[in-house]
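This is target.cif. It holds mmCIF, C-alpha atoms and all ligand atoms.
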```
data_work
#
loop_
_atom_site.label_atom_id
_atom_site.label_comp_id
_atom_site.auth_asym_id
_atom_site.auth_seq_id
_atom_site.Cartn_x
_atom_site.Cartn_y
_atom_site.Cartn_z
CA MET R 1 93.01 88.76 114.50
CA THR R 2 96.21 86.78 114.07
CA TYR R 3 96.33 83.20 112.87
CA GLU R 4 97.59 82.14 116.30
CA SER R 5 94.53 83.55 118.04
CA ALA R 6 92.18 82.02 115.47
CA LYS R 7 93.96 78.72 116.02
CA ALA R 8 93.24 79.05 119.75
CA VAL R 9 89.54 79.77 119.10
CA PHE R 10 89.22 76.59 117.04
CA ALA R 11 91.23 74.65 119.62
CA ASP R 12 88.55 75.57 122.19
CA TRP R 13 86.06 73.75 119.99
CA GLY R 14 88.42 70.78 119.80
CA VAL R 15 89.52 71.55 116.24
CA ASP R 16 93.15 71.59 115.08
CA THR R 17 93.53 74.18 112.32
CA GLU R 18 96.86 72.69 111.22
CA VAL R 19 95.18 69.36 110.43
CA ALA R 20 92.55 71.20 108.40
CA LEU R 21 95.14 73.23 106.48
CA ASP R 22 97.20 70.14 105.68
CA ARG R 23 94.13 68.27 104.46
CA LEU R 24 92.92 71.15 102.31
CA ALA R 25 96.29 71.27 100.58
CA THR R 26 95.76 67.67 99.36
CA ILE R 27 92.42 68.35 97.62
CA PRO R 28 92.76 69.18 93.93
CA ILE R 29 89.94 71.00 92.18
CA SER R 30 89.56 70.27 88.49
CA MET R 31 89.16 73.66 86.86
CA HIS R 32 87.17 73.59 83.63
CA CYS R 33 88.90 75.06 80.59
CA TRP R 34 85.63 76.30 79.10
CA GLN R 35 85.16 79.24 81.49
CA GLY R 36 88.15 80.78 79.73
CA ASP R 37 86.58 81.11 76.27
CA ASP R 38 82.80 80.70 76.66
CA VAL R 39 82.82 77.02 75.56
CA VAL R 40 83.98 77.90 72.04
CA GLY R 41 87.07 75.69 71.69
CA PHE R 42 89.74 75.69 68.99
CA GLU R 43 88.22 73.64 66.24
CA THR R 44 88.43 75.29 62.88
CA ARG R 45 86.15 73.04 60.89
CA SER R 46 82.77 73.15 62.65
CA GLY R 47 81.89 74.96 65.83
CA THR R 48 78.32 76.06 66.13
CA SER R 49 77.25 76.22 69.72
CA GLY R 50 74.31 74.12 70.79
CA GLY R 51 73.14 71.35 73.03
CA GLY R 52 71.24 73.77 75.22
CA ILE R 53 74.34 75.13 76.92
CA GLN R 54 74.95 78.79 76.55
CA ALA R 55 77.49 81.32 77.74
CA THR R 56 76.02 84.80 77.86
CA GLY R 57 77.94 88.06 77.82
CA ASN R 58 80.75 89.61 75.81
CA HIS R 59 83.23 90.82 78.39
CA PRO R 60 86.54 91.65 76.70
CA GLY R 61 89.46 89.25 76.95
CA ARG R 62 88.11 85.92 75.73
CA ALA R 63 90.99 83.50 75.06
CA ARG R 64 91.07 82.87 71.30
CA THR R 65 93.96 80.43 71.10
CA ALA R 66 95.40 77.63 73.20
CA ASP R 67 98.35 79.86 74.06
CA GLU R 68 96.05 82.60 75.35
CA LEU R 69 94.02 80.09 77.32
CA ARG R 70 97.17 78.64 78.88
CA ALA R 71 98.42 82.10 79.81
CA ASP R 72 95.06 82.83 81.48
CA LEU R 73 95.15 79.52 83.29
CA GLU R 74 98.69 80.09 84.55
CA PHE R 75 97.62 83.43 85.93
CA ALA R 76 94.50 81.92 87.53
CA TYR R 77 96.38 79.02 89.16
CA GLY R 78 98.76 81.58 90.65
CA GLN R 79 95.83 83.20 92.48
CA ILE R 80 94.52 79.91 93.85
CA PRO R 81 96.32 78.24 96.76
CA GLY R 82 97.40 74.60 96.23
CA LYS R 83 97.91 72.33 93.21
CA HIS R 84 94.97 71.68 90.96
CA ARG R 85 93.84 70.08 87.72
CA LEU R 86 92.60 71.20 84.32
CA ASN R 87 89.48 69.74 82.75
CA LEU R 88 89.74 69.86 78.95
CA HIS R 89 87.00 69.28 76.40
CA ALA R 90 87.78 67.57 73.11
CA ILE R 91 87.12 70.80 71.16
CA TYR R 92 90.21 72.32 72.80
CA LEU R 93 92.69 70.58 70.55
CA ASP R 94 95.96 72.39 69.86
CA THR R 95 97.08 71.63 66.34
CA ASP R 96 97.28 73.05 62.82
CA GLU R 97 95.44 70.00 61.56
CA THR R 98 91.66 70.01 61.20
CA PRO R 99 90.51 66.58 62.32
CA ASP R 100 86.77 66.02 62.65
CA ARG R 101 85.56 64.67 65.98
CA ASP R 102 85.91 61.08 64.81
CA GLU R 103 89.51 61.72 63.74
CA ILE R 104 91.10 63.27 66.83
CA GLU R 105 94.25 61.69 68.22
CA TYR R 106 96.51 62.14 71.19
CA ARG R 107 98.99 64.20 69.22
CA HIS R 108 96.38 66.92 68.76
CA PHE R 109 96.40 67.40 72.53
CA ALA R 110 100.06 66.69 73.27
CA PRO R 111 100.94 70.40 73.80
CA TRP R 112 98.47 70.44 76.70
CA VAL R 113 100.21 67.49 78.30
CA ASP R 114 103.64 69.12 77.94
CA TRP R 115 102.24 72.24 79.52
CA ALA R 116 100.52 70.28 82.31
CA LYS R 117 103.81 68.52 83.12
CA ASP R 118 105.52 71.84 83.28
CA GLN R 119 102.86 73.36 85.53
CA GLY R 120 102.44 70.28 87.73
CA VAL R 121 98.71 70.07 87.08
CA GLY R 122 96.73 66.91 86.32
CA LEU R 123 94.39 66.70 83.34
CA ASP R 124 90.82 65.49 82.95
CA PHE R 125 89.02 65.12 79.66
CA ASN R 126 85.59 65.12 77.98
CA PRO R 127 84.23 64.01 74.64
CA THR R 128 82.34 66.92 73.05
CA PHE R 129 78.91 65.80 71.88
CA PHE R 130 77.64 69.28 71.03
CA ALA R 131 78.55 72.23 68.78
CA HIS R 132 78.68 70.07 65.66
CA GLU R 133 76.42 69.60 62.65
CA LYS R 134 75.92 65.95 63.56
CA ALA R 135 74.45 67.08 66.91
CA ASP R 136 72.07 69.66 65.46
CA ASP R 137 69.00 67.51 66.24
CA ASN R 138 70.10 67.26 69.88
CA LEU R 139 70.58 63.55 69.28
CA THR R 140 74.02 61.91 69.23
CA LEU R 141 74.66 58.53 70.83
CA SER R 142 70.90 57.84 70.86
CA HIS R 143 70.23 59.04 67.31
CA PRO R 144 67.97 56.67 65.31
CA ASP R 145 70.48 56.85 62.42
CA LYS R 146 73.22 54.29 62.94
CA GLY R 147 75.69 56.35 60.91
CA ILE R 148 75.34 59.27 63.31
CA ARG R 149 75.59 57.02 66.34
CA ASP R 150 78.70 55.40 64.93
CA PHE R 151 80.30 58.79 64.31
CA TRP R 152 79.82 59.74 67.96
CA ILE R 153 80.84 56.32 69.24
CA GLU R 154 84.11 56.73 67.37
CA HIS R 155 84.57 60.18 68.86
CA GLY R 156 83.99 58.81 72.34
CA ARG R 157 86.36 55.89 71.82
CA ARG R 158 89.10 58.25 70.78
CA THR R 159 88.60 60.50 73.79
CA ARG R 160 88.99 57.51 76.11
CA GLU R 161 92.29 56.64 74.47
CA ILE R 162 93.48 60.23 74.60
CA ALA R 163 92.45 60.54 78.26
CA ALA R 164 94.29 57.30 79.09
CA LYS R 165 97.46 58.53 77.43
CA MET R 166 97.18 61.86 79.24
CA GLY R 167 96.80 60.06 82.55
CA GLU R 168 99.71 57.77 81.79
CA GLU R 169 101.99 60.62 80.77
CA LEU R 170 101.12 62.66 83.84
CA GLY R 171 101.07 59.76 86.30
CA SER R 172 97.58 60.75 87.44
CA SER R 173 94.38 59.14 86.27
CA ALA R 174 92.18 61.34 84.07
CA VAL R 175 88.38 61.28 84.29
CA ASN R 176 86.75 61.16 80.88
CA ASN R 177 83.27 62.54 81.51
CA ILE R 178 80.44 61.72 79.13
CA TRP R 179 77.62 64.21 78.78
CA VAL R 180 75.35 64.04 75.76
CA PRO R 181 72.63 66.60 75.00
CA ASP R 182 70.24 63.94 73.69
CA GLY R 183 66.59 64.64 74.26
CA TYR R 184 63.29 65.78 72.83
CA LYS R 185 61.62 69.16 72.78
CA ASP R 186 58.18 67.61 72.81
CA ILE R 187 56.80 64.47 74.33
CA PRO R 188 58.34 61.37 72.76
CA VAL R 189 56.39 58.17 72.23
CA ASP R 190 59.32 55.76 72.40
CA ARG R 191 61.60 56.68 75.24
CA MET R 192 62.57 53.06 75.61
CA ALA R 193 64.01 52.91 72.09
CA ALA R 194 66.07 56.07 72.67
CA ARG R 195 67.41 54.82 76.00
CA THR R 196 68.16 51.40 74.59
CA ARG R 197 70.17 53.04 71.79
CA LEU R 198 72.03 55.28 74.24
CA GLU R 199 72.96 52.32 76.40
CA ALA R 200 74.19 50.29 73.42
CA SER R 201 76.23 53.23 72.15
CA LEU R 202 77.83 53.80 75.55
CA ASP R 203 78.71 50.13 75.75
CA ALA R 204 80.30 50.24 72.30
CA MET R 205 82.14 53.44 73.07
CA CYS R 206 83.54 52.07 76.32
CA ASP R 207 84.29 48.55 75.13
CA SER R 208 88.08 48.80 75.34
CA GLU R 209 89.57 48.06 78.74
CA GLN R 210 91.55 50.97 80.16
CA ASP R 211 93.82 50.98 83.18
CA PRO R 212 92.06 52.95 85.94
CA GLU R 213 95.45 54.32 86.91
CA HIS R 214 95.35 56.12 83.55
CA MET R 215 91.70 56.92 82.97
CA VAL R 216 88.23 56.34 84.39
CA ASP R 217 84.83 56.91 82.78
CA ALA R 218 82.13 59.13 84.24
CA VAL R 219 78.54 59.66 83.07
CA GLU R 220 76.58 62.89 83.62
CA SER R 221 72.80 63.09 83.73
CA LYS R 222 70.51 66.08 83.30
CA LEU R 223 66.89 66.82 84.06
CA PHE R 224 66.25 68.96 81.00
CA GLY R 225 67.93 71.45 78.69
CA ILE R 226 66.87 74.32 76.47
CA GLY R 227 65.34 72.65 73.43
CA VAL R 228 64.96 69.30 75.15
CA GLU R 229 62.30 70.20 77.69
CA ALA R 230 60.16 67.09 77.39
CA CYS R 231 62.68 64.32 77.80
CA THR R 232 66.38 63.87 78.37
CA VAL R 233 67.51 60.43 77.29
CA GLY R 234 70.40 60.36 79.77
CA SER R 235 68.33 61.09 82.86
CA HIS R 236 69.48 60.63 86.46
CA GLU R 237 67.87 57.22 86.83
CA PHE R 238 69.34 56.11 83.50
CA TYR R 239 72.90 57.00 84.46
CA LEU R 240 72.68 55.99 88.10
CA GLY R 241 71.75 52.50 86.96
CA TYR R 242 74.36 52.55 84.23
CA ALA R 243 77.15 53.68 86.55
CA ILE R 244 76.29 51.03 89.15
CA ARG R 245 76.10 48.22 86.60
CA LYS R 246 79.18 49.22 84.61
CA GLY R 247 81.37 50.52 87.41
CA THR R 248 81.81 54.03 86.01
CA LEU R 249 81.82 57.20 88.05
CA LEU R 250 78.55 59.09 88.32
CA CYS R 251 78.83 62.80 87.66
CA LEU R 252 76.45 64.95 89.69
CA ASP R 253 76.11 68.45 88.24
CA MET R 254 74.45 70.86 90.67
CA GLY R 255 72.52 72.49 87.83
CA HIS R 256 71.05 69.27 86.49
CA PHE R 257 68.27 68.61 88.95
CA HIS R 258 65.03 70.24 89.96
CA PRO R 259 65.92 73.51 91.74
CA THR R 260 64.35 72.32 95.01
CA GLU R 261 66.34 69.11 95.07
CA ASN R 262 69.26 69.03 97.48
CA ILE R 263 72.28 67.71 95.59
CA ALA R 264 74.36 67.42 98.76
CA ASP R 265 71.78 64.95 100.06
CA LYS R 266 72.44 62.65 97.10
CA LEU R 267 76.13 62.06 97.84
CA SER R 268 75.81 59.59 100.71
CA ALA R 269 72.92 57.87 98.94
CA VAL R 270 74.77 57.18 95.69
CA ALA R 271 78.08 56.54 97.46
CA LEU R 272 76.64 53.35 98.94
CA SER R 273 76.35 51.92 95.44
CA LEU R 274 79.31 53.53 93.68
CA ASP R 275 83.05 53.48 94.21
CA GLU R 276 83.67 57.01 93.02
CA ILE R 277 81.74 60.17 92.25
CA LEU R 278 82.50 63.15 90.02
CA LEU R 279 81.07 66.53 90.90
CA HIS R 280 80.29 69.40 88.58
CA VAL R 281 80.00 72.15 91.13
CA SER R 282 77.85 74.88 89.66
CA ARG R 283 75.21 77.48 90.54
CA PRO R 284 71.91 77.19 88.72
CA MET R 285 69.71 80.26 88.85
CA ARG R 286 66.13 79.36 87.86
CA TRP R 287 67.60 76.92 85.33
CA ASP R 288 70.98 75.30 84.57
CA SER R 289 72.46 78.77 84.15
CA ASP R 290 76.01 77.87 85.24
CA HIS R 291 76.72 80.99 87.29
CA VAL R 292 80.05 81.30 89.10
CA ILE R 293 79.79 79.45 92.40
CA LEU R 294 79.48 81.50 95.55
CA LEU R 295 80.38 80.59 99.09
CA ASN R 296 76.69 79.95 99.76
CA ASP R 297 74.62 77.38 101.62
CA ASP R 298 74.47 74.98 98.65
CA ILE R 299 78.23 74.84 98.24
CA GLN R 300 78.74 74.57 101.99
CA ALA R 301 76.27 71.70 102.21
CA MET R 302 78.18 69.85 99.47
CA ALA R 303 81.49 70.39 101.23
CA ASN R 304 80.04 69.31 104.57
CA GLU R 305 78.79 66.07 103.08
CA LEU R 306 82.15 65.35 101.44
CA VAL R 307 83.96 65.87 104.73
CA PHE R 308 81.44 64.45 107.21
CA ALA R 309 80.60 61.38 105.12
CA ASP R 310 84.31 60.80 104.51
CA LEU R 311 83.85 60.97 100.74
CA LEU R 312 86.81 63.16 99.82
CA ASP R 313 88.95 60.24 98.71
CA ARG R 314 86.13 58.88 96.56
CA THR R 315 85.04 62.13 94.95
CA ARG R 316 86.68 64.08 92.17
CA ILE R 317 85.70 67.71 92.43
CA GLY R 318 85.18 69.41 89.09
CA LEU R 319 83.67 72.80 88.40
CA ASP R 320 81.15 73.66 85.69
CA PHE R 321 80.19 77.28 85.25
CA PHE R 322 80.75 79.89 82.59
CA ASP R 323 79.96 83.54 82.84
CA ALA R 324 81.02 85.83 80.00
CA THR R 325 79.73 89.04 81.58
CA ILE R 326 82.71 89.33 83.95
CA SER R 327 86.44 88.79 83.76
CA ARG R 328 86.81 85.13 82.84
CA THR R 329 90.00 84.70 84.82
CA ALA R 330 88.37 86.30 87.86
CA ALA R 331 85.44 83.91 87.47
CA TRP R 332 87.79 80.90 87.60
CA VAL R 333 89.69 82.26 90.59
CA ILE R 334 86.64 83.28 92.62
CA GLY R 335 84.75 80.05 91.95
CA THR R 336 87.68 77.75 92.65
CA ARG R 337 88.60 79.60 95.83
CA ASN R 338 84.98 79.42 96.99
CA MET R 339 85.03 75.65 96.64
CA GLN R 340 88.19 75.55 98.72
CA LYS R 341 86.81 77.95 101.31
CA ALA R 342 83.75 75.76 101.75
CA LEU R 343 85.94 72.68 102.19
CA LEU R 344 88.08 74.52 104.72
CA ARG R 345 85.03 75.49 106.76
CA SER R 346 83.86 71.87 106.77
CA LEU R 347 87.30 70.68 107.82
CA LEU R 348 87.23 73.20 110.67
CA MET R 349 84.00 71.91 112.20
CA PRO R 350 83.93 69.79 115.36
CA GLN R 351 82.67 66.74 113.53
CA SER R 352 82.52 64.21 116.35
CA GLU R 353 80.60 66.52 118.70
CA LEU R 354 78.07 67.27 115.98
CA LYS R 355 77.68 63.61 115.09
CA ASP R 356 77.38 62.63 118.77
CA ALA R 357 74.64 65.18 119.30
CA GLU R 358 72.70 63.72 116.39
CA ALA R 359 73.30 60.13 117.42
CA THR R 360 71.94 60.88 120.89
CA LEU R 361 68.98 62.76 119.41
CA ASP R 362 70.18 66.00 120.97
CA PHE R 363 68.93 68.10 118.08
CA THR R 364 68.97 71.23 120.23
CA LYS R 365 72.72 70.96 120.73
CA ARG R 366 73.18 70.17 117.06
CA LEU R 367 71.37 73.39 116.17
CA ILE R 368 73.20 75.49 118.76
CA PHE R 369 76.52 74.18 117.48
CA THR R 370 75.82 74.60 113.77
CA GLU R 371 74.64 78.17 114.34
CA GLU R 372 77.39 79.24 116.74
CA LEU R 373 80.01 77.72 114.47
CA LYS R 374 79.04 80.22 111.81
CA ASP R 375 80.73 82.97 113.86
CA LEU R 376 84.17 81.34 114.02
CA PRO R 377 87.10 83.13 112.32
CA TYR R 378 87.34 80.99 109.17
CA GLY R 379 88.64 83.94 107.16
CA VAL R 380 91.79 84.20 109.25
CA VAL R 381 92.59 80.52 108.69
CA TRP R 382 91.90 80.91 104.96
CA GLN R 383 94.26 83.86 104.81
CA GLU R 384 96.94 81.76 106.48
CA PHE R 385 96.38 79.04 103.87
CA CYS R 386 96.75 81.57 101.04
CA GLU R 387 99.94 82.98 102.57
CA ARG R 388 101.49 79.56 102.96
CA HIS R 389 100.73 78.83 99.29
CA ASP R 390 101.78 82.23 97.97
CA ALA R 391 98.32 83.24 96.82
CA PRO R 392 96.96 86.74 97.43
CA CYS R 393 93.87 87.58 99.47
CA GLY R 394 91.42 90.45 99.82
CA LEU R 395 92.46 93.74 98.24
CA ALA R 396 95.71 92.25 96.93
CA LEU R 397 93.69 89.62 95.08
CA SER R 398 91.32 92.23 93.74
CA GLY R 399 94.25 94.31 92.44
CA SER R 400 95.89 91.32 90.84
CA LEU R 401 92.68 90.23 89.07
CA GLU R 402 92.04 93.74 87.78
CA THR R 403 95.59 94.17 86.51
CA TYR R 404 95.47 90.89 84.62
CA GLN R 405 92.06 91.63 83.14
CA ALA R 406 93.35 95.00 81.92
CA SER R 407 96.25 93.20 80.23
CA VAL R 408 93.94 90.95 78.18
CA SER R 409 91.01 93.25 77.51
CA GLY R 410 92.53 94.41 74.20
CA ARG R 411 92.10 90.96 72.66
CA GLY R 412 89.83 91.23 69.64
C1 LIG R 501 75.97 70.49 80.22
C2 LIG R 501 76.85 69.77 81.17
C3 LIG R 501 78.27 69.60 80.74
C4 LIG R 501 78.84 70.84 80.10
C5 LIG R 501 80.31 70.77 79.85
C6 LIG R 501 80.78 71.84 78.93
O1 LIG R 501 74.74 70.77 80.73
O2 LIG R 501 76.81 70.36 82.43
O3 LIG R 501 79.03 69.17 81.80
O4 LIG R 501 78.56 71.98 80.85
O5 LIG R 501 80.64 69.52 79.43
ZN ZN R 502 78.23 69.60 83.90
#
```
Using structure tokens, write down the structure that the file contains.
Amino acid sequence: MTYESAKAVFADWGVDTEVALDRLATIPISMHCWQGDDVVGFETRSGTSGGGIQATGNHPGRARTADELRADLEFAYGQIPGKHRLNLHAIYLDTDETPDRDEIEYRHFAPWVDWAKDQGVGLDFNPTFFAHEKADDNLTLSHPDKGIRDFWIEHGRRTREIAAKMGEELGSSAVNNIWVPDGYKDIPVDRMAARTRLEASLDAMCDSEQDPEHMVDAVESKLFGIGVEACTVGSHEFYLGYAIRKGTLLCLDMGHFHPTENIADKLSAVALSLDEILLHVSRPMRWDSDHVILLNDDIQAMANELVFADLLDRTRIGLDFFDATISRTAAWVIGTRNMQKALLRSLLMPQSELKDAEATLDFTKRLIFTEELKDLPYGVVWQEFCERHDAPCGLALSGSLETYQASVSGRG
């Protein structure tokens, strides 16, 4: 089927494919650097993994240096239509110096900014509250020891300043997303004390005013993690309240809720109380396993909510998965393209007819429409999008991913 005939099919449903393609081109996806190297980072002084997050697998080709990671990213962006962003963690510094977490400065990340300028990608940032000896107890900002809390507060403060400078340099505001692993393996007796300490530490860490044109803060909750099964200090209720009171973004990670909870359903609910939302689009399998996202019902439901509830301009879409059993560059490309494909499908739906059916309680028509819509030729429109943005599709994509993987598989 040609694009022109697909366009006519959608026109019959009252949908203009050109409008959808133009809109899709304006939606950046923030690709997470950590899929490229299994969340290891480039610190030389510490670097034990931890915090209950785990990349499994030993597929050849892991990026070992910032240069290798940038080369992999350049390749990946070339396979993804449109202009996107890079989400860096603070352990991805690029310097010969060996600053501890409470000593990092903008200059340690400046090569990333030069590269981002060159590539035309925006940057987002994250303090790293794990993989460090001072996080070995799975307690950081809520640690009972003030010295440990202060160490992490200083780390967080510095990341906000670095993120602001990145945003200023690139002319595009960076999200600085705060996720801490803090929690207890077994049942605590004083949750209130831990949560009070976390709140005070967050306040101290975020006490300097930053221009939202340069950086914004986000907070990310979690239901539980490996090693912190009984209680997570930064739970959903904790951060929802915090974000509303302090005006930060709320980060919703799809792997951080009970598996039967519908994350898409939460968007419109929290959007009534928040200005902006950050997403960590992920695929939990039985737990927060961070599998590469598929074009499945969960992702489609998220995309539908973003489009139908008109939340695209208030939501920053970030990805959070890491699979080390497959080509890491392929993982980035497949996952990012799946997010875009889901958005495209949502943009190609006859929104007003569907909403009218619901508003008039015509649930039969709503069901007929949603099911018949599944047969429309979305793939042809997607292919057109890829062609217009010089990105390969189908077998050409497969060949390109395989060739690149072969070129990096000799890395030690
Ligand atoms: C962990 C959180 C967090 C991390 C990244 C590396 O459970 O999802 O977002 O995955 O910061
Ligand atoms: Zn996350």
Report task. Kindly indicate which residue among R:Met215, R:Ile277, R:Ala163, R:Leu376 lies nearest to Ser346 of chain R, using all atoms listed in the file for the distances. Result ->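 Counting all atoms listed in the file, the residue closest to Ser346 of chain R is R:Leu376.
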Query raised in the report: What is the atom CA of Glu276 of chain R to atom CA of Leu311 of chain R distance in Å?
Result: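 So the two atoms, atom CA of Glu276 of chain R and atom CA of Leu311 of chain R, lie 8.7 Å apart.
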Please return the centre and edge lengths, in Å to one decimal, of a box with edges along x, y and z that contains all listed atoms of segment 114-124 of chain R, widened by 3 Å on every side, as lines of an AutoDock Vina configuration file.
```
center_x = 98.2
center_y = 69.4
center_z = 82.8
size_x = 20.7
size_y = 13.9
size_z = 15.8
```
Query raised in the report: Closest to Glu384 of chain R among R:Ile153, R:Val281, R:Leu344, R:Leu267, using only C-alpha atoms?
Result: R:Leu344
**Report entry** Which of R:Lys134, R:His143, R:Arg70, R:Arg85 sits closest to Gly167 of chain R [using all atoms listed in the file]
**Finding:** R:Arg85
Query raised in the report: Between atom CA of Pro60 of chain R and atom CA of Arg337 of chain R, what is the distance, to one decimal in Å?
Result: 22.7 Å
**Report entry** Among the residues R:Gly394, R:Pro377, R:Gly171, R:Gly52, the one that comes closest to ligand ZN 502 (chain R) [using only C-alpha atoms and all ligand atoms]
**Finding:**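 For ligand ZN 502 (chain R), the nearest of the candidates is R:Gly52.
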Query - Selection: 9 Å around segment 231-247 of chain R, all atoms listed in the file, excl. self and same-chain fewer than 2 positions, as a VMD selection string - result: chain R and resid 142 179 to 188 191 194 to 195 198 to 199 203 217 to 225 228 to 229 249 to 252 256 to 257 270 273 to 276
Query raised in the report: Which protein, DNA or RNA residues have an atom within 6 Å of ligand ZN 502 (chain R), counting all atoms listed in the file, as an NGL selection string?
Result: :R and (253 or 280 or 320)
Report summary line: For ligand LIG 501 (chain R), the closest of R:Pro28, R:Gly57, R:Gly227, R:Gly51 counting all atoms listed in the file is R:Gly51
Query - Å distance separating atom CA of Gly399 of chain R from atom CA of Ile80 of chain R, one decimal place - result: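 Separating atom CA of Gly399 of chain R from atom CA of Ile80 of chain R is a distance of 14.5 Å.
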**Report entry** Contact residues around segment 352-354 of chain R with only C-alpha atoms at 8 Å, ignoring same-chain residues under 4 positions, as a ChimeraX atom specification
**Finding:** /R:358,366,369-370
Query raised in the report: In terms of the shortest atom-to-atom distance over only C-alpha atoms and all ligand atoms, which of R:Glu74, R:Asp290, R:Glu18, R:Glu168 is closest to ligand LIG 501 (chain R)?
Result: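 Smallest separation from ligand LIG 501 (chain R) among the options: R:Asp290.
For segment 293-303 of chain R, the set of protein, DNA and RNA residues having any atom at most 6 Å away, when counting only C-alpha atoms and skipping those fewer than 5 positions along the same chain, is R:Ala264, R:Ser282, R:Arg283, R:Gly335, R:Asn338, R:Ala342, R:Leu343.
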**Report entry** Residue neighbourhood Ser268 of chain R, 9 Å, only C-alpha atoms, exclusion window fewer than 6 positions, as an MDAnalysis selection string
**Finding:** chainID R and resid 305:306 309 311
Output for the residues just chosen: C-alpha atoms as a compact mmCIF listing (two decimals), in the frame of the given file:
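Output below, filename again17.txt:
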```txt
# COMPACT_ATOMS: atom_id res chain seq x y z
CA GLU R 305 78.79 66.07 103.08
CA LEU R 306 82.15 65.35 101.44
CA ALA R 309 80.60 61.38 105.12
CA LEU R 311 83.85 60.97 100.74
```
**Report entry** Protein and nucleic acid residues near (85.4, 72.7, 76.5) (cut-off 12 Å, all atoms listed in the file) as a ChimeraX atom specification
**Finding:** /R:31-43,47,49,53,55,66,69,86-93,124-131,177,179,320-322
Report task. Give me the residues within 10 Å of Val121 of chain R as number ranges by chain, counting only C-alpha atoms and dropping any in the same chain fewer than 4 places off. Result -> R: 28, 30, 77, 83-86, 113, 115-117, 170, 172
Please rebuild segment 144-148 of chain R with all heavy atoms and give the result as a tab-separated table (two decimals), in the frame of the given file.
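out-v8.tsv, written as the output of this step:
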```tsv
chain	number	residue	atom	x	y	z
R	144	PRO	N	68.50	57.86	66.01
R	144	PRO	CA	67.97	56.67	65.31
R	144	PRO	C	68.85	56.23	64.14
R	144	PRO	O	68.83	55.06	63.75
R	144	PRO	CB	66.60	57.12	64.81
R	144	PRO	CG	66.26	58.35	65.59
R	144	PRO	CD	67.56	58.98	66.01
R	145	ASP	N	69.62	57.16	63.58
R	145	ASP	CA	70.48	56.85	62.42
R	145	ASP	C	71.79	56.23	62.91
R	145	ASP	O	72.57	56.87	63.63
R	145	ASP	CB	70.74	58.17	61.68
R	145	ASP	CG	71.61	57.97	60.44
R	145	ASP	OD1	72.42	57.02	60.42
R	145	ASP	OD2	71.48	58.79	59.52
R	146	LYS	N	72.02	55.00	62.48
R	146	LYS	CA	73.22	54.29	62.94
R	146	LYS	C	74.51	55.00	62.55
R	146	LYS	O	75.50	55.01	63.29
R	146	LYS	CB	73.22	52.85	62.37
R	146	LYS	CG	74.40	52.01	62.84
R	146	LYS	CD	74.27	50.56	62.40
R	146	LYS	CE	75.42	49.70	62.92
R	146	LYS	NZ	76.75	50.17	62.52
R	147	GLY	N	74.49	55.64	61.37
R	147	GLY	CA	75.69	56.35	60.91
R	147	GLY	C	76.07	57.47	61.88
R	147	GLY	O	77.25	57.69	62.18
R	148	ILE	N	75.07	58.18	62.35
R	148	ILE	CA	75.34	59.27	63.31
R	148	ILE	C	75.81	58.69	64.65
R	148	ILE	O	76.77	59.18	65.26
R	148	ILE	CB	74.08	60.15	63.49
R	148	ILE	CG1	73.66	60.68	62.14
R	148	ILE	CG2	74.32	61.22	64.57
R	148	ILE	CD1	73.31	62.11	62.03
```
